[in-house]
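Working notes, beginning with the structure itself.
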Amino acid sequence: MSLCATALVCTGIAAQEQQNDSITVQELDEVVVSDSRFNLKRENSGKTIVKISAKELERNQGRTLAELINSKSGIEIAGSRGRDGDVLGVFARGGRGRQVLVLIDGIRVTDPSSFSPQYDLRLLSTANIETIEIIKGASSTLYGTNAATAVINITTKKSSKKKIAANIKSAIATNQTAENQNYHFRRFTNSALISGSLNTFNYSVGISNRYSDGLSAAVTPENEQDAFSQYSADARLGYNFSDNFSVSIFGNKTNYNTEFDAAFAEAPNRFKQDQERVGVSSTLGYNEKGSLHLNASYADYTSDSNSSFGEAVTNGRGLFLELYNKYIIAKKWHTILGVSYNKDEAIFSQDADFTIIDPYTNIVYVSGTGFNLNIGGRYNTHSEYGNKFVYNINPSYALTTDDGYIKLLGSYATSYITPALIQLFGDFGANPDLIPEENRTLEGGLEYTVNEKLRIGVVYFDRNEKDRFGFDQNFTTINISDEIDVSGLETEVFWEPNQALEIAANYTFTERKGDNAIRIPKHKLNASIGYNFTNKTYGSFSYAYTGERLDTDFSSFPFEDVRLDAFSLFNLYFKHELIDNTLSVFLNVENLFNETYVEILGFTTRGTNARLGLNLSL
C-alpha cells in the first residue's frame, strides 16, 4: 500500500522526466565479454555463450535467478521448481554443482567452508542484476578452479547517468501445491535501488528482501509450513580520476534463513547463512591499446545448521586478488597476461587454510577474414597438492553472408577442481592427500545468424571427468579411479520476425556414463513466444519439458534408485506500462495447468501460482 501511494505521488514528476537509462537500445551486433574479457562481436567468439540481457530480465520480473538460468540449454537446477529455500544444485552439461563457477562482476564467489564449493544461488537477488553471461565448457584458463562445465558471470547494474535515480519493485504471490490450491498470498518480494553520477563520482545503493511460507519442504500428510526469508544490501562507489583511470569499491551483506525437512519426513530443521563481501576494482588505461586491471575481494560466510543431528556452525573466509593486463596488437591480437591469488580459510575443530597462485595467459586472434582463434594456459600452484597445468584451444570461422554469418566453432579445453577445505582438513572423512579433479571438454558446433533477427545454434560436446571426489568404505574422501564420460547435443533457436514478435527455443540431450546420473534428465526442452500487443503491453507464453531421470530413495535401506517421470510446465507473463518508462505492473502465472510432478524425490513442488507486482523508476 505504501509503495502504491509513493507511485501516485511521484506520477506528476515522472510524467515530465523520461527515464532515459531504461530506454532499450537495439544492438545490431551483439557483444559478448566473458569468454575473452574483451568486448568482441558474437561472431568472433568461438565459445558457446548464453546471454540473458537486461531486456530479458525486464520481461521476467518476479522470477528468481535459479528459474531464469534453469530455462537455458544444457543446465538443470534441481530445486528451482520447489519451495523457496530448497537446495539448488546447478548441473551443467551433465556435471555437478562443484563444476560450475559463479562470478559477480568478474570476481569469483564461493563459500570456503562448504563441502561443495558451488556458490549458493539463494544468496542472490535479481533486483541489482544488469546482465548474465553463461559460458559453457571448460574455462579454467581464464577463471581457475571449478570452471569445468560452466561459468555464470553476473554483471550488476551500472549507476544512472542522472544525478539521482531510483527503482522500486514489489511483488506478491501465492505459494501452493497442485493438491492444495488455496490462493493465499504467501510469497513477498521487495527491492529498492538508488544510483546516480555527479561529474566524476558515481554511486549505487540497493536493498532487497524475499519472504515465503505456506509450503512444506517434504511431501508428508502433515503438510506443515517451512518458511524462507532473505535480506540483501549492496553498495558501490566509483570515482573516475581521468578518462583512463577509475576505481570503485563495493560491499554486500546478505543473509537467509530457511526451514527444511528430511525427505519423506517432517523435521524442525533450520539453516541460516550470512554473507559479507567487500572489494575494490580498478582500471588503468594506457597507450590507447592497453589497460591494467585489479580486482580484489574479501568474503566472510557463517552458516548455522540445526537438525536432528544437532547444531553445526561453520565459518569460511576467502581472499581473492587478481591483476591482469589487456593489450591489443594491430587490432587483431587481443592478449591477456595475469596472475590470481586465493586464500581460503575455514574453522572446523581447528583452523584450516590453503592458498592458490595461478599465473595465466590468453590470446584471441581476430583475423578480419573470418578466422578466429582463442588459445591460452594457466599454471595452477596449490599449497597442498602442488601444481596443475590447464589449457584451451578454441578455433572458429565465420563466413559472412549478405545479411549475417555462418560460424563453425570447435574447442578442446581442460579444467581442474580443487578439493574443498572440509575434504582436506574437515573433522569427518578428511584426506590431505587429495589431488584436484580433472575435466576435459571437446566441442564443435555451428551457428547461423541473420540480421540479429534469427539465430540458430547447434553444439555437440563430449566431456571426461577423472580423479573425481568420492568416499571409500570408511567414508574417507578419496579420488575415485573410475572415470565419467558425458556427451550431448545442445540446440538453440531465436527468431524475431518483426518488432512485435519473439520466438525462442532450446533443446538439450545429455548422456552420462559411469554412474547413475542422479537428477540429470536425458532430454530437456524450453520454448517461449513473446508478443508486444502495444508499445506499452507485452505478454509471453512459455513451455518447459523435463525428461525422465533417476533419483535416490533415502527412505529405504539399502538405498535404491527410482526413475522419475517426465513432466511439462506452462507459464504466462504479462507486463503493462501505466506511465512510459516509469511505472509498470506485471503478472506471472506459473504451472498454468496445475501439473502434478516430482522434481526431487520426497520433496514438494509448486502447482499453479500467480505473482502480481509493480516496477517504479524515477
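By convention in this document, the chains of the C-alpha cells carry letters A, B, ... by their order, each chain's residues are numbered from 1, and ligands are numbered from 1 in the order they are shown.
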
Within 10 Å of stretch 336-341 of chain A, which residues of stretch 66-161 of chain A show up? Give each one with its shortest atom-to-atom distance in Å (one decimal) and the two atoms involved, counting only C-alpha atoms, rows by chain then rising residue number, as JSON lines.
```
{"residue": "A:Leu142", "atom": "CA", "partner": "A:Gly338", "partner_atom": "CA", "distance": 9.2}
{"residue": "A:Tyr143", "atom": "CA", "partner": "A:Ser340", "partner_atom": "CA", "distance": 9.0}
{"residue": "A:Gly144", "atom": "CA", "partner": "A:Ser340", "partner_atom": "CA", "distance": 8.6}
```

May I have the selected residues written with C-alpha atoms, as a PDB file, in the first residue's frame?
```pdb
ATOM      1  CA  LEU A 142      40.683 -17.624 -17.659  1.00  0.00           C
ATOM      2  CA  TYR A 143      38.848 -18.337 -14.412  1.00  0.00           C
ATOM      3  CA  GLY A 144      40.682 -21.049 -12.499  1.00  0.00           C
TER       4      GLY A 144
END
```

What's the 6 Å shell around A:Ile503, counting only C-alpha atoms, without same-chain residues fewer than 6 positions away, as a tab-separated table (two decimals) with N, CA and C atoms, in the first residue's frame?
```tsv
chain	number	residue	atom	x	y	z
A	494	PHE	N	16.52	-18.61	-31.94
A	494	PHE	CA	15.91	-17.32	-31.60
A	494	PHE	C	15.45	-16.67	-32.89
A	495	TRP	N	14.18	-16.23	-32.93
A	495	TRP	CA	13.63	-15.66	-34.16
A	495	TRP	C	12.77	-14.45	-33.79
A	528	SER	N	9.47	-20.51	-25.84
A	528	SER	CA	8.67	-19.36	-25.43
A	528	SER	C	8.31	-18.53	-26.64
A	529	ILE	N	7.20	-17.83	-26.53
A	529	ILE	CA	6.77	-16.89	-27.55
A	529	ILE	C	6.34	-15.60	-26.85
```

Could you pull out all residues of stretch 76-292 of chain A with a DSSP call of strand (DSSP E) and give them as a PyMOL selection string? chain A and resi 76-78+89-92+100-104+107-108+129-136+150-156+165-174+185-198+201-212+228-240+245-262+265-286+290-292

Non-local contacts of stretch 600-606 of chain A (8 Å; only C-alpha atoms; under 4 positions in same chain excluded) as a list in words: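 Once the adjacent positions are removed, what remains is Ala78, Gly79, Arg81, Gly82, Arg83, Asn175, Gln176, Thr177, Ala178, Leu215, Ser216, Ala217, Ala218, Val219, Ala263, Phe264, Arg519, Asp551, Thr552, Asp553, Leu564, Asn591 and Thr596 of chain A.
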
Given only C-alpha atoms as the basis, pick out the residue of A:Thr414, A:Ser36, A:Thr537, A:Thr546 nearest to A:Thr361.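 For A:Thr361, the nearest of the given residues is A:Ser36.
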
List the neighbours of A:Gly97 out to 10 Å using only C-alpha atoms; skip same-chain residues closer than 6 positions along the sequence, and give me the result as an MDAnalysis selection string. chainID A and resid 77 88:91 116:120 146 149:150

Point-to-point distance in Å for atom CA of A:Asn199 and atom CA of A:Lys289: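 Calculated distance between atom CA of A:Lys289 and atom CA of A:Asn199 is 25.4 Å.
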
Secondary structure check, helix (DSSP H, G or I) residues of stretch 78-262 of chain A, as a ChimeraX atom specification: /A:97-99,121-123,126-128,140-143

Under the rule that only C-alpha atoms are counted, which of A:Asp234, A:Asp304, A:Glu577, A:Asp243 is the nearest residue to A:Thr200?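 Ranking A:Asp234, A:Asp304, A:Glu577, A:Asp243 by distance to A:Thr200, first place goes to A:Asp243.
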
Excluding stretch 275-279 of chain A and its own-chain neighbours fewer than 2 positions away, which residues fall within 12 Å of it when counting only C-alpha atoms? Please give them as number ranges by chain. A: 104-112, 119-120, 122-124, 230-238, 247-257, 272-273, 281-282, 294-304, 315-322
